[in-house]
>>> print(open('input-v1.txt').read())   # compact mmCIF, C-alpha atoms
# COMPACT_ATOMS: atom_id res chain seq x y z
CA MET A 1248 -27.40 55.75 -99.69
CA ASP A 1249 -28.18 54.33 -96.26
CA GLN A 1250 -30.26 57.37 -95.34
CA TYR A 1251 -32.43 56.88 -98.47
CA ILE A 1252 -33.09 53.29 -97.55
CA ALA A 1253 -33.88 54.31 -93.98
CA GLY A 1254 -36.18 57.05 -95.30
CA VAL A 1255 -38.06 54.63 -97.55
CA ILE A 1256 -38.45 52.14 -94.70
CA SER A 1257 -39.69 54.94 -92.42
CA ILE A 1258 -42.24 56.13 -94.98
CA PHE A 1259 -43.43 52.54 -95.53
CA ALA A 1260 -43.77 51.98 -91.76
CA LEU A 1261 -45.67 55.26 -91.39
CA ALA A 1262 -48.05 54.31 -94.22
CA ILE A 1263 -48.72 50.89 -92.67
CA THR A 1264 -49.33 52.51 -89.27
CA MET A 1265 -51.76 55.04 -90.74
CA LEU A 1266 -53.67 52.38 -92.69
CA SER A 1267 -53.87 50.17 -89.60
CA GLY A 1268 -55.19 53.08 -87.54
CA MET A 1269 -57.85 53.88 -90.13
CA ALA A 1270 -58.90 50.21 -90.28
CA LEU A 1271 -59.12 50.06 -86.48
CA ALA A 1272 -61.21 53.24 -86.39
CA GLY A 1273 -63.53 51.83 -89.07
CA ALA A 1274 -63.93 48.59 -87.13
CA GLU A 1275 -64.77 50.48 -83.92
CA GLN A 1276 -67.34 52.61 -85.78
CA ALA A 1277 -68.91 49.47 -87.27
CA ARG A 1278 -69.07 47.84 -83.81
CA ALA A 1279 -70.70 50.93 -82.28
CA THR A 1280 -73.24 51.13 -85.10
CA LEU A 1281 -73.97 47.41 -84.84
CA SER A 1282 -74.46 47.76 -81.08
CA ALA A 1283 -76.94 50.62 -81.55
CA ILE A 1284 -78.90 48.64 -84.16
CA THR A 1285 -78.98 45.58 -81.87
CA THR A 1286 -80.29 47.67 -78.97
CA MET A 1287 -83.01 49.20 -81.15
CA ALA A 1288 -83.96 45.74 -82.46
CA SER A 1289 -84.37 44.54 -78.88
CA LYS A 1290 -86.61 47.51 -78.09
CA ASP A 1291 -88.65 46.92 -81.25
CA MET A 1292 -89.17 43.28 -80.31
CA ALA A 1293 -90.44 44.39 -76.92
CA VAL A 1294 -93.20 46.49 -78.47
CA ASP A 1295 -93.80 44.26 -81.49
CA GLY A 1296 -94.15 41.12 -79.41
CA GLY A 1297 -91.51 39.05 -81.18
CA TYR A 1298 -89.02 38.71 -83.97
CA THR A 1299 -91.51 39.63 -86.67
CA ALA A 1300 -91.02 40.27 -90.38
CA GLN A 1301 -91.23 44.00 -89.64
CA VAL A 1302 -88.41 43.78 -87.09
CA ARG A 1303 -86.27 41.75 -89.51
CA ALA A 1304 -86.92 44.28 -92.28
CA ALA A 1305 -86.05 47.19 -89.96
CA ILE A 1306 -82.76 45.50 -88.96
CA GLU A 1307 -81.85 44.92 -92.60
CA ALA A 1308 -82.74 48.51 -93.53
CA ALA A 1309 -80.68 49.95 -90.66
CA LEU A 1310 -77.69 47.77 -91.55
CA ALA A 1311 -77.94 48.79 -95.22
CA ALA A 1312 -78.27 52.49 -94.31
CA HIS A 1313 -74.93 52.24 -92.51
CA GLY A 1314 -73.21 50.16 -95.19
CA LEU A 1315 -73.19 46.95 -93.12
CA GLN A 1316 -75.34 44.80 -95.38
CA GLY A 1317 -74.29 41.50 -96.87
CA SER A 1318 -72.83 39.31 -94.17
CA ALA A 1319 -74.92 40.16 -91.10
CA THR A 1320 -77.11 37.65 -89.31
CA ALA A 1321 -79.53 38.24 -86.45
CA VAL A 1322 -80.29 35.51 -83.92
CA VAL A 1323 -82.92 35.65 -81.18
CA THR A 1324 -82.61 33.41 -78.12
CA PRO A 1325 -84.89 31.69 -77.25
CA ALA A 1326 -86.25 31.19 -80.78
CA GLY A 1327 -89.99 31.41 -81.21
CA PRO A 1328 -92.75 33.39 -82.83
CA ASP A 1329 -94.28 34.91 -79.69
CA TYR A 1330 -92.49 36.65 -76.81
CA TYR A 1331 -95.26 38.41 -74.85
CA GLY A 1332 -94.05 38.68 -71.26
CA GLN A 1333 -90.86 36.69 -71.93
CA THR A 1334 -87.20 37.63 -71.84
CA TYR A 1335 -85.01 37.22 -74.89
CA THR A 1336 -81.61 38.18 -76.29
CA VAL A 1337 -81.00 39.61 -79.75
CA THR A 1338 -77.55 38.95 -81.20
CA ILE A 1339 -76.31 40.38 -84.50
CA ASP A 1340 -73.17 38.88 -86.01
CA TYR A 1341 -71.35 40.70 -88.80
CA GLN A 1342 -68.29 39.80 -90.82
CA LEU A 1343 -66.43 43.11 -91.29
CA PRO A 1344 -64.34 43.03 -94.47
CA VAL A 1345 -60.75 44.17 -94.00
CA ILE A 1346 -58.70 44.69 -97.12
CA LEU A 1347 -55.05 43.76 -96.81
CA PRO A 1348 -52.34 43.44 -99.44
CA GLY A 1349 -52.64 39.97 -100.94
CA GLY A 1350 -56.29 39.29 -100.19
CA ASP A 1351 -59.50 40.10 -98.41
CA ILE A 1352 -60.23 38.86 -94.92
CA THR A 1353 -63.09 39.45 -92.53
CA VAL A 1354 -63.14 40.20 -88.84
CA PRO A 1355 -66.15 38.90 -86.89
CA LEU A 1356 -68.12 41.45 -84.89
CA SER A 1357 -70.94 40.43 -82.57
CA THR A 1358 -73.24 42.45 -80.34
CA SER A 1359 -76.08 41.33 -78.07
CA ALA A 1360 -78.91 43.10 -76.27
CA PRO A 1361 -81.41 41.60 -73.81
CA GLY A 1362 -85.06 42.49 -73.74
CA VAL A 1363 -88.43 41.76 -72.18
CA SER A 1364 -91.57 41.81 -74.28
CA THR A 1365 -93.86 44.32 -72.60
CA TYR A 1366 -96.06 45.46 -75.46
CA PRO A 1367 -99.44 46.27 -73.91
CA CYS A 1368 -102.23 44.61 -75.85
CA THR A 1369 -105.82 43.95 -74.94
CA ALA A 1370 -107.06 40.42 -74.30
CA ALA A 1371 -108.95 40.49 -77.62
CA GLU A 1372 -105.80 41.52 -79.51
CA ALA A 1373 -103.74 38.88 -77.75
CA SER A 1374 -106.23 36.11 -78.55
CA ALA A 1375 -106.38 37.25 -82.19
CA GLY A 1376 -102.58 37.52 -82.33
CA GLY A 1377 -102.70 41.12 -83.52
CA CYS A 1378 -100.61 43.20 -81.13
CA ALA A 1379 -98.06 44.33 -83.70
CA ALA A 1380 -96.56 47.80 -83.48
CA PRO A 1381 -94.37 49.24 -86.25
CA PRO A 1382 -90.58 48.87 -85.83
CA VAL A 1383 -88.71 52.06 -85.06
CA ILE A 1384 -85.04 51.28 -85.74
CA SER A 1385 -83.40 54.48 -86.83
CA ALA A 1386 -81.88 54.14 -90.31
CA GLY A 1387 -79.58 57.10 -89.77
CA GLY A 1388 -78.08 59.35 -87.16
CA LEU A 1389 -76.92 56.67 -84.74
>>> encode(input="input-v1.txt", output="structure tokens")
Amino acid sequence: MDQYIAGVISIFALAITMLSGMALAGAEQARATLSAITTMASKDMAVDGGYTAQVRAAIEAALAAHGLQGSATAVVTPAGPDYYGQTYTVTIDYQLPVILPGGDITVPLSTSAPGVSTYPCTAAEASAGGCAAPPVISAGGL
């Protein structure tokens, strides 16, 4: 009888270990994907001249394409509408859901990427405020 109990405990421990390993692998994949999206957002801001609606839409589309939508927020420091020639940092925070017996919890993931706005625009474009370039965040294949 003791060997059956030991066998059940061993199988339970193995199952918990396997589930934990799969959750850890999923969290690492989510962090790597989030890091790639943050880097691309920083590059897009450099050519778009700021944290524009197009950049926000591209971030949201990339997050959704990788199943990370819902609880992600992007923050740009310093905040402002125009970044031509300035340095900035893009930070994306995401609450990764982790399902455990007895309830759902989330694990916070955060990635940051620095950037410098270097989009080349003519003086006429700069004075008119029209130096926008389309965002290029890859929705897949990161």
>>> atom_distance(input="input-v1.txt", atom1="atom CA of A:Met1269", atom2="atom CA of A:Val1322")
29.7 Å
>>> residues_around(input="input-v1.txt", residues="stretch 1351-1354 of chain A", least_positions_apart="3", cutoff="12 Å", atoms="all atoms listed in the file", output="PyMOL selection string")
chain A and resi 1270-1271+1273-1275+1277-1278+1318-1319+1340-1348+1357
>>> atom_distance(input="input-v1.txt", atom1="atom CA of A:Tyr1335", atom2="atom CA of A:Gly1362")
5.4 Å
>>> atom_distance(input="input-v1.txt", atom1="atom CA of A:Asp1291", atom2="atom CA of A:Glu1307")
13.4 Å
>>> residues_around(input="input-v1.txt", residues="A:Ala1360", least_positions_apart="4", cutoff="12 Å", atoms="all atoms listed in the file", output="list in words")
Leu1281, Ser1282, Ala1283, Ile1284, Thr1285, Thr1286, Met1287, Ala1288, Ser1289, Lys1290, Asp1291, Met1292, Ala1293, Ala1321, Val1322, Val1323, Thr1324, Thr1334, Tyr1335, Thr1336, Val1337, Thr1338 and Ile1339 of chain A
>>> closest_residue(input="input-v1.txt", among="A:Pro1355, A:Thr1320, A:Ile1258, A:Met1265", to="A:Ile1306", atoms="all atoms listed in the file")
A:Thr1320
